[in-house]
>>> print(open('query13.cif').read())   # mmCIF, C-alpha atoms and all ligand atoms
data_final
loop_
_atom_site.label_atom_id
_atom_site.label_comp_id
_atom_site.auth_asym_id
_atom_site.auth_seq_id
_atom_site.Cartn_x
_atom_site.Cartn_y
_atom_site.Cartn_z
CA MET Z 15 8.68 12.68 9.65
CA LYS Z 16 10.63 13.67 6.52
CA ASN Z 17 9.48 11.06 4.00
CA PHE Z 18 6.80 8.36 4.14
CA ILE Z 19 7.99 5.32 2.23
CA SER Z 20 7.66 2.38 4.65
CA ALA Z 21 6.77 1.37 8.21
CA ARG Z 22 10.31 2.38 9.19
CA ASP Z 23 9.32 6.04 8.77
CA ILE Z 24 6.88 5.77 11.69
CA SER Z 25 8.41 5.74 15.17
CA ASN Z 26 5.14 4.88 16.95
CA ILE Z 27 2.46 3.12 14.88
CA GLU Z 28 -0.01 3.08 17.76
CA ALA Z 29 0.22 6.86 18.21
CA MET Z 30 -0.31 7.34 14.47
CA VAL Z 31 -3.38 5.06 14.54
CA GLN Z 32 -4.85 7.22 17.31
CA LYS Z 33 -4.04 10.36 15.32
CA ALA Z 34 -5.89 8.95 12.28
CA ILE Z 35 -8.88 7.93 14.41
CA GLY Z 36 -8.89 11.49 15.81
CA TYR Z 37 -9.16 12.87 12.26
CA LYS Z 38 -11.99 10.47 11.51
CA ALA Z 39 -13.91 11.93 14.48
CA ASP Z 40 -13.07 15.54 13.58
CA PRO Z 41 -11.75 15.89 9.99
CA PHE Z 42 -11.27 19.66 9.97
CA LYS Z 43 -9.63 20.22 13.37
CA ASP Z 44 -6.27 20.98 11.75
CA LYS Z 45 -7.61 22.98 8.80
CA ALA Z 46 -5.03 25.73 9.49
CA LEU Z 47 -2.03 23.38 9.47
CA GLY Z 48 -1.64 23.29 5.69
CA ILE Z 49 -2.69 26.84 4.79
CA ASN Z 50 -0.44 28.24 2.03
CA LYS Z 51 1.08 24.78 1.48
CA ARG Z 52 0.82 22.94 -1.82
CA ILE Z 53 0.97 19.20 -2.37
CA GLY Z 54 1.70 17.51 -5.70
CA LEU Z 55 0.34 14.06 -6.49
CA LEU Z 56 2.34 12.53 -9.28
CA PHE Z 57 0.98 9.38 -10.94
CA LEU Z 58 3.07 7.13 -13.15
CA ASN Z 59 0.29 4.50 -12.84
CA PRO Z 60 -3.52 4.40 -12.36
CA SER Z 61 -5.32 4.91 -9.05
CA MET Z 62 -8.76 5.68 -7.65
CA ARG Z 63 -8.67 5.32 -3.84
CA THR Z 64 -5.14 6.55 -3.24
CA ARG Z 65 -5.52 9.55 -5.48
CA LEU Z 66 -8.88 10.73 -4.13
CA SER Z 67 -8.30 9.94 -0.45
CA THR Z 68 -4.95 11.77 -0.44
CA GLN Z 69 -6.49 14.81 -2.15
CA ILE Z 70 -9.33 14.85 0.40
CA ALA Z 71 -6.87 14.45 3.28
CA ALA Z 72 -4.77 17.35 1.97
CA ASN Z 73 -7.88 19.53 1.58
CA ASN Z 74 -8.99 18.66 5.13
CA LEU Z 75 -5.64 20.07 6.31
CA GLY Z 76 -6.11 23.26 4.28
CA MET Z 77 -3.59 22.40 1.55
CA ASP Z 78 -3.90 22.99 -2.17
CA ALA Z 79 -3.57 19.68 -4.02
CA ILE Z 80 -2.56 19.34 -7.65
CA VAL Z 81 -2.69 15.98 -9.44
CA PHE Z 82 -0.37 15.34 -12.38
CA ASN Z 83 -0.81 12.12 -14.38
CA ILE Z 84 2.75 12.15 -15.63
CA ASP Z 85 2.23 8.80 -17.38
CA LYS Z 86 -0.36 10.40 -19.69
CA ASP Z 87 0.28 14.15 -19.62
CA GLY Z 88 4.02 14.47 -18.92
CA TRP Z 89 7.34 13.63 -20.52
CA LYS Z 90 8.58 10.08 -20.08
CA LEU Z 91 11.14 10.15 -17.27
CA GLU Z 92 14.61 8.60 -17.18
CA PHE Z 93 15.81 7.38 -13.77
CA GLU Z 94 19.22 5.80 -14.46
CA GLU Z 95 22.25 7.87 -13.53
CA GLY Z 96 24.46 8.52 -16.53
CA ALA Z 97 21.88 7.27 -19.02
CA ILE Z 98 22.47 8.05 -22.69
CA MET Z 99 18.97 9.28 -23.45
CA SER Z 100 18.74 8.21 -27.07
CA GLY Z 101 15.73 5.94 -26.40
CA ASN Z 102 12.13 6.76 -25.49
CA THR Z 103 12.80 8.67 -22.24
CA ILE Z 104 12.68 12.45 -22.68
CA GLU Z 105 13.40 14.08 -19.32
CA HIS Z 106 15.76 12.95 -16.55
CA VAL Z 107 14.43 12.81 -13.00
CA LYS Z 108 17.42 14.93 -11.90
CA ASP Z 109 16.03 17.74 -14.08
CA ALA Z 110 12.33 17.22 -13.32
CA ALA Z 111 12.44 16.54 -9.56
CA PRO Z 112 14.03 19.85 -8.43
CA ILE Z 113 11.44 21.75 -10.48
CA LEU Z 114 8.63 19.80 -8.81
CA GLY Z 115 10.39 20.47 -5.51
CA SER Z 116 10.19 24.21 -6.18
CA TYR Z 117 6.46 24.04 -7.05
CA PHE Z 118 5.35 21.98 -4.05
CA ASP Z 119 5.89 21.61 -0.29
CA ILE Z 120 5.19 17.84 -0.32
CA LEU Z 121 5.43 15.52 -3.33
CA CYS Z 122 3.50 12.23 -3.46
CA ILE Z 123 4.37 9.60 -6.06
CA ARG Z 124 2.79 6.40 -7.38
CA THR Z 125 5.21 4.25 -9.31
CA PHE Z 126 4.66 0.53 -9.93
CA PRO Z 127 7.43 -2.03 -10.47
CA SER Z 128 8.48 -3.30 -13.87
CA LEU Z 129 8.16 -6.92 -12.63
CA VAL Z 130 11.01 -7.54 -15.09
CA ASN Z 131 14.08 -6.06 -13.40
CA LYS Z 132 14.02 -7.34 -9.79
CA HIS Z 133 17.20 -5.54 -8.77
CA GLU Z 134 15.95 -2.18 -10.03
CA ASP Z 135 12.46 -2.66 -8.54
CA TYR Z 136 13.76 -3.77 -5.13
CA SER Z 137 16.30 -0.93 -5.00
CA GLU Z 138 13.27 1.42 -5.26
CA LEU Z 139 15.22 3.38 -7.87
CA PHE Z 140 12.32 5.61 -8.95
CA ILE Z 141 11.17 6.82 -5.55
CA ASN Z 142 14.75 7.09 -4.24
CA GLN Z 143 15.67 9.31 -7.17
CA PHE Z 144 12.80 11.65 -6.26
CA ILE Z 145 13.99 11.67 -2.63
CA LYS Z 146 17.51 12.46 -3.85
CA TYR Z 147 16.62 15.26 -6.25
CA ALA Z 148 13.30 16.88 -5.19
CA GLY Z 149 14.57 18.41 -1.94
CA ILE Z 150 11.13 18.22 -0.29
CA PRO Z 151 9.30 15.46 1.65
CA ILE Z 152 8.27 12.51 -0.51
CA VAL Z 153 5.20 10.35 0.21
CA SER Z 154 4.76 6.96 -1.45
CA LEU Z 155 1.36 6.42 -3.00
CA GLU Z 156 2.59 2.86 -3.74
CA SER Z 157 6.10 2.21 -4.93
CA ALA Z 158 7.85 -0.72 -6.59
CA THR Z 159 7.86 -2.87 -3.43
CA LEU Z 160 5.58 -1.25 -0.82
CA HIS Z 161 2.18 0.42 -0.32
CA PRO Z 162 2.54 2.10 3.08
CA LEU Z 163 -0.62 4.24 3.10
CA GLN Z 164 -2.64 1.09 2.38
CA SER Z 165 -0.98 -0.92 5.16
CA PHE Z 166 -1.32 1.90 7.68
CA THR Z 167 -5.02 2.06 6.75
CA ASP Z 168 -5.30 -1.70 7.21
CA ILE Z 169 -3.96 -1.49 10.78
CA ILE Z 170 -6.35 1.39 11.57
CA THR Z 171 -9.21 -0.76 10.26
CA ILE Z 172 -8.14 -3.81 12.28
CA GLU Z 173 -7.82 -1.72 15.48
CA GLU Z 174 -11.22 -0.14 14.86
CA THR Z 175 -12.87 -3.51 14.29
CA PHE Z 176 -11.25 -5.80 16.88
CA LYS Z 177 -12.28 -5.03 20.45
CA GLU Z 178 -11.17 -8.16 22.31
CA LEU Z 179 -8.44 -8.09 24.98
CA ARG Z 180 -6.18 -10.55 23.16
CA LYS Z 181 -4.05 -10.55 20.04
CA PRO Z 182 -6.05 -11.13 16.83
CA LYS Z 183 -5.00 -13.90 14.49
CA ILE Z 184 -4.38 -12.27 11.12
CA VAL Z 185 -3.92 -14.37 7.98
CA LEU Z 186 -2.57 -12.96 4.74
CA THR Z 187 -3.66 -15.35 2.01
CA TRP Z 188 -2.50 -15.43 -1.57
CA ALA Z 189 -5.34 -15.53 -4.13
CA PRO Z 190 -5.39 -16.34 -7.85
CA HIS Z 191 -5.29 -13.64 -10.51
CA ILE Z 192 -5.28 -13.57 -14.29
CA LYS Z 193 -2.07 -11.57 -14.68
CA PRO Z 194 1.20 -10.74 -12.89
CA ILE Z 195 0.58 -8.42 -9.94
CA PRO Z 196 3.25 -6.60 -7.86
CA GLN Z 197 4.26 -7.95 -4.44
CA CYS Z 198 3.81 -4.45 -2.92
CA VAL Z 199 0.62 -4.94 -0.92
CA GLY Z 200 1.70 -8.31 0.47
CA ASN Z 201 5.20 -7.03 1.31
CA SER Z 202 3.83 -3.91 2.91
CA PHE Z 203 1.09 -5.63 4.92
CA ALA Z 204 3.70 -8.06 6.28
CA GLU Z 205 6.13 -5.26 7.10
CA TRP Z 206 3.49 -3.22 8.95
CA ILE Z 207 1.88 -6.11 10.86
CA ASN Z 208 5.35 -7.25 12.00
CA ALA Z 209 6.32 -3.69 13.00
CA TRP Z 210 2.98 -3.22 14.81
CA GLY Z 211 3.65 -6.44 16.75
CA LYS Z 212 0.13 -6.84 18.12
CA ALA Z 213 -1.06 -9.92 16.21
CA ASP Z 214 -0.48 -13.62 15.64
CA PHE Z 215 0.45 -13.34 11.99
CA VAL Z 216 0.29 -16.15 9.43
CA ILE Z 217 0.99 -15.92 5.69
CA THR Z 218 -0.32 -18.64 3.41
CA HIS Z 219 0.49 -19.11 -0.27
CA PRO Z 220 1.40 -21.85 -2.73
CA GLU Z 221 5.04 -22.97 -2.72
CA ASP Z 222 7.36 -20.69 -4.72
CA TYR Z 223 5.26 -17.62 -3.83
CA GLU Z 224 7.42 -16.65 -0.83
CA LEU Z 225 7.70 -12.90 -0.38
CA ASP Z 226 10.99 -11.18 0.44
CA THR Z 227 11.95 -12.31 3.95
CA LYS Z 228 13.06 -8.79 4.84
CA PHE Z 229 9.33 -8.03 5.08
CA THR Z 230 7.92 -11.38 6.25
CA ASP Z 231 10.42 -12.38 8.97
CA GLY Z 232 8.39 -12.74 12.17
CA ALA Z 233 5.33 -14.21 10.44
CA THR Z 234 4.48 -17.93 10.31
CA ILE Z 235 4.50 -19.25 6.74
CA GLU Z 236 1.94 -22.02 6.13
CA TYR Z 237 1.48 -23.59 2.69
CA ASP Z 238 -1.77 -25.30 3.68
CA GLN Z 239 -4.40 -22.58 3.32
CA GLU Z 240 -7.07 -24.54 5.20
CA LYS Z 241 -4.76 -24.99 8.19
CA ALA Z 242 -3.67 -21.33 8.07
CA LEU Z 243 -7.26 -20.09 8.17
CA GLU Z 244 -8.20 -22.05 11.32
CA GLY Z 245 -9.30 -19.60 14.02
CA ALA Z 246 -8.43 -16.49 11.99
CA ASP Z 247 -9.98 -13.20 13.14
CA PHE Z 248 -8.95 -11.36 9.96
CA VAL Z 249 -8.23 -12.74 6.50
CA TYR Z 250 -6.41 -10.40 4.14
CA VAL Z 251 -6.77 -11.59 0.55
CA LYS Z 252 -4.26 -10.56 -2.10
CA ASN Z 253 -2.60 -11.90 -5.19
CA TRP Z 254 1.06 -11.36 -5.95
CA SER Z 255 3.35 -12.68 -8.64
CA SER Z 256 6.40 -14.75 -7.76
CA TYR Z 257 9.29 -12.98 -6.04
CA ALA Z 258 11.73 -15.88 -6.55
CA ASP Z 259 10.91 -16.40 -10.24
CA TYR Z 260 10.47 -12.69 -10.51
CA GLY Z 261 7.16 -11.38 -11.85
CA LYS Z 262 5.97 -14.79 -13.08
CA VAL Z 263 2.52 -16.34 -12.58
CA LEU Z 264 3.34 -19.88 -11.39
CA CYS Z 265 -0.08 -20.94 -10.12
CA ASN Z 266 -3.67 -20.18 -10.99
CA ASP Z 267 -5.33 -22.74 -8.74
CA SER Z 268 -8.88 -21.46 -8.25
CA SER Z 269 -9.21 -23.41 -4.99
CA TRP Z 270 -7.19 -20.55 -3.41
CA MET Z 271 -10.04 -18.08 -4.14
CA LEU Z 272 -11.60 -17.16 -0.78
CA THR Z 273 -15.19 -18.42 -0.48
CA THR Z 274 -17.68 -18.88 2.35
CA GLU Z 275 -16.45 -22.49 2.63
CA HIS Z 276 -12.97 -21.17 3.49
CA LEU Z 277 -14.44 -18.76 6.04
CA ALA Z 278 -16.15 -21.63 7.89
CA LYS Z 279 -12.72 -22.59 9.28
CA THR Z 280 -12.13 -19.13 10.75
CA ASN Z 281 -13.26 -17.40 13.93
CA ASN Z 282 -16.03 -15.54 12.08
CA ALA Z 283 -13.21 -13.65 10.35
CA ARG Z 284 -13.46 -10.20 8.84
CA VAL Z 285 -12.28 -10.22 5.24
CA MET Z 286 -9.95 -7.56 3.90
CA HIS Z 287 -8.67 -6.58 0.45
CA CYS Z 288 -7.05 -3.35 -0.68
CA LEU Z 289 -9.21 -3.09 -3.84
CA PRO Z 290 -9.61 -3.10 -6.79
CA VAL Z 291 -10.58 -6.77 -6.60
CA ARG Z 292 -11.27 -9.30 -9.36
CA ARG Z 293 -14.60 -10.70 -8.21
CA ASN Z 294 -14.97 -14.48 -8.40
CA VAL Z 295 -11.26 -14.80 -9.17
CA GLU Z 296 -9.62 -13.55 -5.95
CA LEU Z 297 -12.72 -13.45 -3.75
CA SER Z 298 -16.26 -14.76 -4.28
CA ASP Z 299 -19.25 -12.42 -4.63
CA GLU Z 300 -20.76 -14.20 -1.68
CA VAL Z 301 -17.89 -13.18 0.62
CA LEU Z 302 -17.48 -9.66 -0.76
CA ASP Z 303 -21.20 -8.94 -0.43
CA SER Z 304 -21.45 -10.43 3.07
CA ALA Z 305 -21.24 -8.80 6.49
CA SER Z 306 -17.79 -10.42 6.86
CA SER Z 307 -16.30 -8.06 4.30
CA ILE Z 308 -14.73 -4.84 5.59
CA VAL Z 309 -13.18 -3.79 2.28
CA ASN Z 310 -15.27 -0.61 2.07
CA LEU Z 311 -14.27 0.39 5.60
CA GLN Z 312 -10.62 -0.04 4.56
CA ALA Z 313 -11.15 2.21 1.53
CA THR Z 314 -12.96 4.82 3.65
CA ASN Z 315 -10.12 4.82 6.18
CA ARG Z 316 -7.61 5.72 3.47
CA VAL Z 317 -8.51 9.38 4.05
CA TRP Z 318 -7.63 9.32 7.76
CA ALA Z 319 -4.40 7.44 7.22
CA ALA Z 320 -3.27 9.94 4.60
CA GLN Z 321 -4.37 12.86 6.78
CA ALA Z 322 -2.35 11.60 9.78
CA VAL Z 323 0.75 11.16 7.61
CA LEU Z 324 0.47 14.55 5.88
CA ALA Z 325 -0.11 16.26 9.24
CA GLU Z 326 3.07 14.70 10.66
CA ILE Z 327 5.06 15.92 7.66
CA LEU Z 328 3.52 19.41 7.86
CA HIS Z 329 4.53 19.63 11.52
CA SER Z 330 8.12 18.82 10.52
CA VAL Z 331 8.28 21.39 7.68
CA ASN Z 332 6.33 24.23 9.36
N1 LIG L 1 -5.93 0.26 -2.87
C1 LIG L 1 -5.49 1.18 -3.74
O1 LIG L 1 -4.34 1.64 -3.68
O2 LIG L 1 -6.41 1.56 -4.66
P1 LIG L 1 -6.11 2.47 -5.93
O3 LIG L 1 -5.14 1.70 -6.81
O4 LIG L 1 -7.43 2.70 -6.60
O5 LIG L 1 -5.47 3.75 -5.48
#
>>> encode(input="query13.cif", output="structure tokens", more="lines below")
Ligand code: CP
Amino acid sequence: MKNFISARDISNIEAMVQKAIGYKADPFKDKALGINKRIGLLFLNPSMRTRLSTQIAANNLGMDAIVFNIDKDGWKLEFEEGAIMSGNTIEHVKDAAPILGSYFDILCIRTFPSLVNKHEDYSELFINQFIKYAGIPIVSLESATLHPLQSFTDIITIEETFKELRKPKIVLTWAPHIKPIPQCVGNSFAEWINAWGKADFVITHPEDYELDTKFTDGATIEYDQEKALEGADFVYVKNWSSYADYGKVLCNDSSWMLTTEHLAKTNNARVMHCLPVRRNVELSDEVLDSASSIVNLQATNRVWAAQAVLAEILHSVN
């Protein structure tokens, strides 16, 4: 694996899930793999889970990890080719990325979308410019449109939790939020569940909240949340802003917040969320604090997902 940006970078999801579960059982078994290798974690936006779990994963593999909050401590980067830099950007990515490429063996980047310029966000300009100019493997810690380490973790968590000899019914449900949120987690979850191909997959959201079909094709779209939740084994709760009316909040209907009443329609479903979560806006306290919630297991599994991905990259660069 050269870069890790989307589900398309994984040739065999099942094999990667088993690799991650192997690291969970024995975290230090490949401690020698990353000796004398250095990983850079570059943040253009905030993070808790992604930042810490990726650092721990790198340390488990023997790597040195350096975090750089470029949004706070670095120069403001320009990404447009041919830009006349007379505005507030100070350093072009084509100057910064090769330098970072000379400091590190792997570069990980978190960069959120603008939610203003749909074309630029969906072209993944920022992360693609790092791929173009850094000259080393690039790992997405959440990009403008996708959050692959989160979605890989989610599949690990579903496989670990569901032991029946049939396909689980997985429902991705939109939830209310107070402000515009990227589509990344929803896009990515849809992309990975479709690529995994081992579930009956339903997405439910209000009308005009359709995600990009390049990620959702293969899923059943159901606007009636109650109907969608019937018989669900897993309910993944997430807000996103409109893709069609790009970045806009079109609905704040609190009846979409997942409560125990919603769960009554399911097959004793496990409830998932990537975190951080707005309690009693997206999900009720009652659900989050119940045995149905597996959000902490998801967050814990972030380490093993990152470790499996970094190990694959190290094998390809060693
Ligand atoms: N789920 C997730 O990516 O969490 P952080 O934003 O805290 O990294």
>>> residues_near_ligand(input="query13.cif", ligand="ligand LIG 1 (chain L)", cutoff="12 Å", atoms="only C-alpha atoms and all ligand atoms", output="number ranges by chain")
Z: 55, 57-69, 123-126, 154-157, 160-168, 196, 198-200, 202, 252, 286-291, 309-317, 320
>>> closest_residue(input="query13.cif", among="Z:Ile98, Z:Val153, Z:Ala246, Z:Ala72", to="Lys279 (chain Z)", atoms="only C-alpha atoms")
Z:Ala246
>>> atom_distance(input="query13.cif", atom1="CA of Ala189 (chain Z)", atom2="CA of Gly261 (chain Z)")
15.3 Å
>>> closest_residue(input="query13.cif", among="Z:Tyr147, Z:Gln32, Z:Asn266, Z:Ala319", to="Glu95 (chain Z)", atoms="only C-alpha atoms")
Z:Tyr147
>>> closest_residue(input="query13.cif", among="Z:Trp210, Z:Trp188, Z:Phe203, Z:Phe18", to="Glu296 (chain Z)", atoms="all atoms listed in the file")
Z:Trp188
>>> residues_near_point(input="query13.cif", point="(0.3, 8.4, -17.2)", cutoff="10 Å", atoms="only C-alpha atoms", output="list in words")
Leu56, Phe57, Leu58, Asn59, Pro60, Phe82, Asn83, Ile84, Asp85, Lys86, Asp87, Gly88, Trp89 and Lys90 of chain Z
>>> residues_near_point(input="query13.cif", point="(-0.3, -18.5, 7.3)", cutoff="6 Å", atoms="only C-alpha atoms", output="list in words")
Val185, Val216, Ile217, Thr218, Thr234, Ile235, Glu236 and Ala242 of chain Z
>>> write_last_selection(input="query13.cif", atoms="C-alpha atoms", output="JSON list (two decimals), keeping the file's coordinate frame")
[["chain", "number", "residue", "atom", "x", "y", "z"],
["Z", 185, "VAL", "CA", -3.92, -14.37, 7.98],
["Z", 216, "VAL", "CA", 0.29, -16.15, 9.43],
["Z", 217, "ILE", "CA", 0.99, -15.92, 5.69],
["Z", 218, "THR", "CA", -0.32, -18.64, 3.41],
["Z", 234, "THR", "CA", 4.48, -17.93, 10.31],
["Z", 235, "ILE", "CA", 4.50, -19.25, 6.74],
["Z", 236, "GLU", "CA", 1.94, -22.02, 6.13],
["Z", 242, "ALA", "CA", -3.67, -21.33, 8.07]]
>>> closest_residue(input="query13.cif", among="Z:Leu179, Z:Ala39, Z:Val251, Z:Ile184", to="Asn281 (chain Z)", atoms="only C-alpha atoms")
Z:Ile184
>>> residues_around(input="query13.cif", residues="Leu129 (chain Z)", least_positions_apart="5", cutoff="12 Å", atoms="only C-alpha atoms", output="number ranges by chain")
Z: 134-136, 158-159, 193-198, 254-263
>>> build_atoms(input="query13.cif", residues="region 236-246 of chain Z", atoms="all heavy atoms", output="mmCIF file, in the frame of the given file")
data_model
loop_
_atom_site.group_PDB
_atom_site.id
_atom_site.type_symbol
_atom_site.label_atom_id
_atom_site.label_comp_id
_atom_site.auth_asym_id
_atom_site.auth_seq_id
_atom_site.Cartn_x
_atom_site.Cartn_y
_atom_site.Cartn_z
ATOM 1 N N GLU Z 236 2.665 -20.749 6.157
ATOM 2 C CA GLU Z 236 1.940 -22.020 6.130
ATOM 3 C C GLU Z 236 1.417 -22.248 4.700
ATOM 4 O O GLU Z 236 0.628 -21.457 4.194
ATOM 5 C CB GLU Z 236 0.765 -21.934 7.138
ATOM 6 C CG GLU Z 236 -0.195 -23.087 7.084
ATOM 7 C CD GLU Z 236 0.489 -24.423 7.348
ATOM 8 O OE1 GLU Z 236 0.984 -24.612 8.457
ATOM 9 O OE2 GLU Z 236 0.550 -25.263 6.404
ATOM 10 N N TYR Z 237 1.884 -23.329 4.079
ATOM 11 C CA TYR Z 237 1.480 -23.590 2.690
ATOM 12 C C TYR Z 237 0.068 -24.173 2.580
ATOM 13 O O TYR Z 237 -0.524 -24.149 1.511
ATOM 14 C CB TYR Z 237 2.481 -24.535 2.017
ATOM 15 C CG TYR Z 237 3.874 -23.959 1.923
ATOM 16 C CD1 TYR Z 237 4.935 -24.542 2.608
ATOM 17 C CD2 TYR Z 237 4.130 -22.823 1.167
ATOM 18 C CE1 TYR Z 237 6.213 -24.006 2.542
ATOM 19 C CE2 TYR Z 237 5.400 -22.281 1.101
ATOM 20 C CZ TYR Z 237 6.443 -22.884 1.794
ATOM 21 O OH TYR Z 237 7.697 -22.350 1.727
ATOM 22 N N ASP Z 238 -0.427 -24.719 3.677
ATOM 23 C CA ASP Z 238 -1.770 -25.300 3.680
ATOM 24 C C ASP Z 238 -2.773 -24.207 4.068
ATOM 25 O O ASP Z 238 -2.874 -23.815 5.237
ATOM 26 C CB ASP Z 238 -1.794 -26.462 4.696
ATOM 27 C CG ASP Z 238 -3.141 -27.161 4.744
ATOM 28 O OD1 ASP Z 238 -4.157 -26.554 4.334
ATOM 29 O OD2 ASP Z 238 -3.175 -28.311 5.205
ATOM 30 N N GLN Z 239 -3.499 -23.710 3.077
ATOM 31 C CA GLN Z 239 -4.400 -22.580 3.320
ATOM 32 C C GLN Z 239 -5.465 -22.912 4.364
ATOM 33 O O GLN Z 239 -5.785 -22.094 5.228
ATOM 34 C CB GLN Z 239 -5.058 -22.147 1.995
ATOM 35 C CG GLN Z 239 -5.840 -20.846 2.090
ATOM 36 C CD GLN Z 239 -6.709 -20.597 0.882
ATOM 37 O OE1 GLN Z 239 -7.290 -21.533 0.323
ATOM 38 N NE2 GLN Z 239 -6.812 -19.350 0.456
ATOM 39 N N GLU Z 240 -6.000 -24.134 4.278
ATOM 40 C CA GLU Z 240 -7.070 -24.540 5.200
ATOM 41 C C GLU Z 240 -6.566 -24.485 6.643
ATOM 42 O O GLU Z 240 -7.241 -23.957 7.532
ATOM 43 C CB GLU Z 240 -7.513 -25.960 4.823
ATOM 44 C CG GLU Z 240 -8.766 -26.396 5.528
ATOM 45 C CD GLU Z 240 -9.245 -27.754 5.033
ATOM 46 O OE1 GLU Z 240 -9.094 -28.046 3.836
ATOM 47 O OE2 GLU Z 240 -9.764 -28.512 5.865
ATOM 48 N N LYS Z 241 -5.357 -24.997 6.843
ATOM 49 C CA LYS Z 241 -4.760 -24.990 8.190
ATOM 50 C C LYS Z 241 -4.492 -23.548 8.644
ATOM 51 O O LYS Z 241 -4.755 -23.179 9.788
ATOM 52 C CB LYS Z 241 -3.452 -25.789 8.149
ATOM 53 C CG LYS Z 241 -2.934 -26.187 9.479
ATOM 54 C CD LYS Z 241 -1.811 -27.191 9.327
ATOM 55 C CE LYS Z 241 -1.010 -27.268 10.615
ATOM 56 N NZ LYS Z 241 0.302 -27.833 10.401
ATOM 57 N N ALA Z 242 -3.988 -22.725 7.731
ATOM 58 C CA ALA Z 242 -3.670 -21.330 8.070
ATOM 59 C C ALA Z 242 -4.915 -20.570 8.534
ATOM 60 O O ALA Z 242 -4.849 -19.753 9.448
ATOM 61 C CB ALA Z 242 -3.044 -20.631 6.870
ATOM 62 N N LEU Z 243 -6.042 -20.859 7.902
ATOM 63 C CA LEU Z 243 -7.260 -20.090 8.170
ATOM 64 C C LEU Z 243 -7.940 -20.463 9.491
ATOM 65 O O LEU Z 243 -8.785 -19.702 9.990
ATOM 66 C CB LEU Z 243 -8.263 -20.271 7.026
ATOM 67 C CG LEU Z 243 -7.867 -19.632 5.686
ATOM 68 C CD1 LEU Z 243 -8.843 -20.033 4.584
ATOM 69 C CD2 LEU Z 243 -7.807 -18.109 5.798
ATOM 70 N N GLU Z 244 -7.538 -21.596 10.071
ATOM 71 C CA GLU Z 244 -8.200 -22.050 11.320
ATOM 72 C C GLU Z 244 -8.104 -20.971 12.397
ATOM 73 O O GLU Z 244 -7.013 -20.531 12.747
ATOM 74 C CB GLU Z 244 -7.536 -23.336 11.830
ATOM 75 C CG GLU Z 244 -8.000 -24.568 11.109
ATOM 76 C CD GLU Z 244 -7.140 -25.793 11.432
ATOM 77 O OE1 GLU Z 244 -6.363 -25.736 12.413
ATOM 78 O OE2 GLU Z 244 -7.243 -26.767 10.670
ATOM 79 N N GLY Z 245 -9.261 -20.546 12.893
ATOM 80 C CA GLY Z 245 -9.300 -19.600 14.020
ATOM 81 C C GLY Z 245 -8.926 -18.169 13.666
ATOM 82 O O GLY Z 245 -8.754 -17.335 14.557
ATOM 83 N N ALA Z 246 -8.832 -17.851 12.376
ATOM 84 C CA ALA Z 246 -8.430 -16.490 11.990
ATOM 85 C C ALA Z 246 -9.506 -15.469 12.365
ATOM 86 O O ALA Z 246 -10.705 -15.727 12.208
ATOM 87 C CB ALA Z 246 -8.169 -16.424 10.490
#
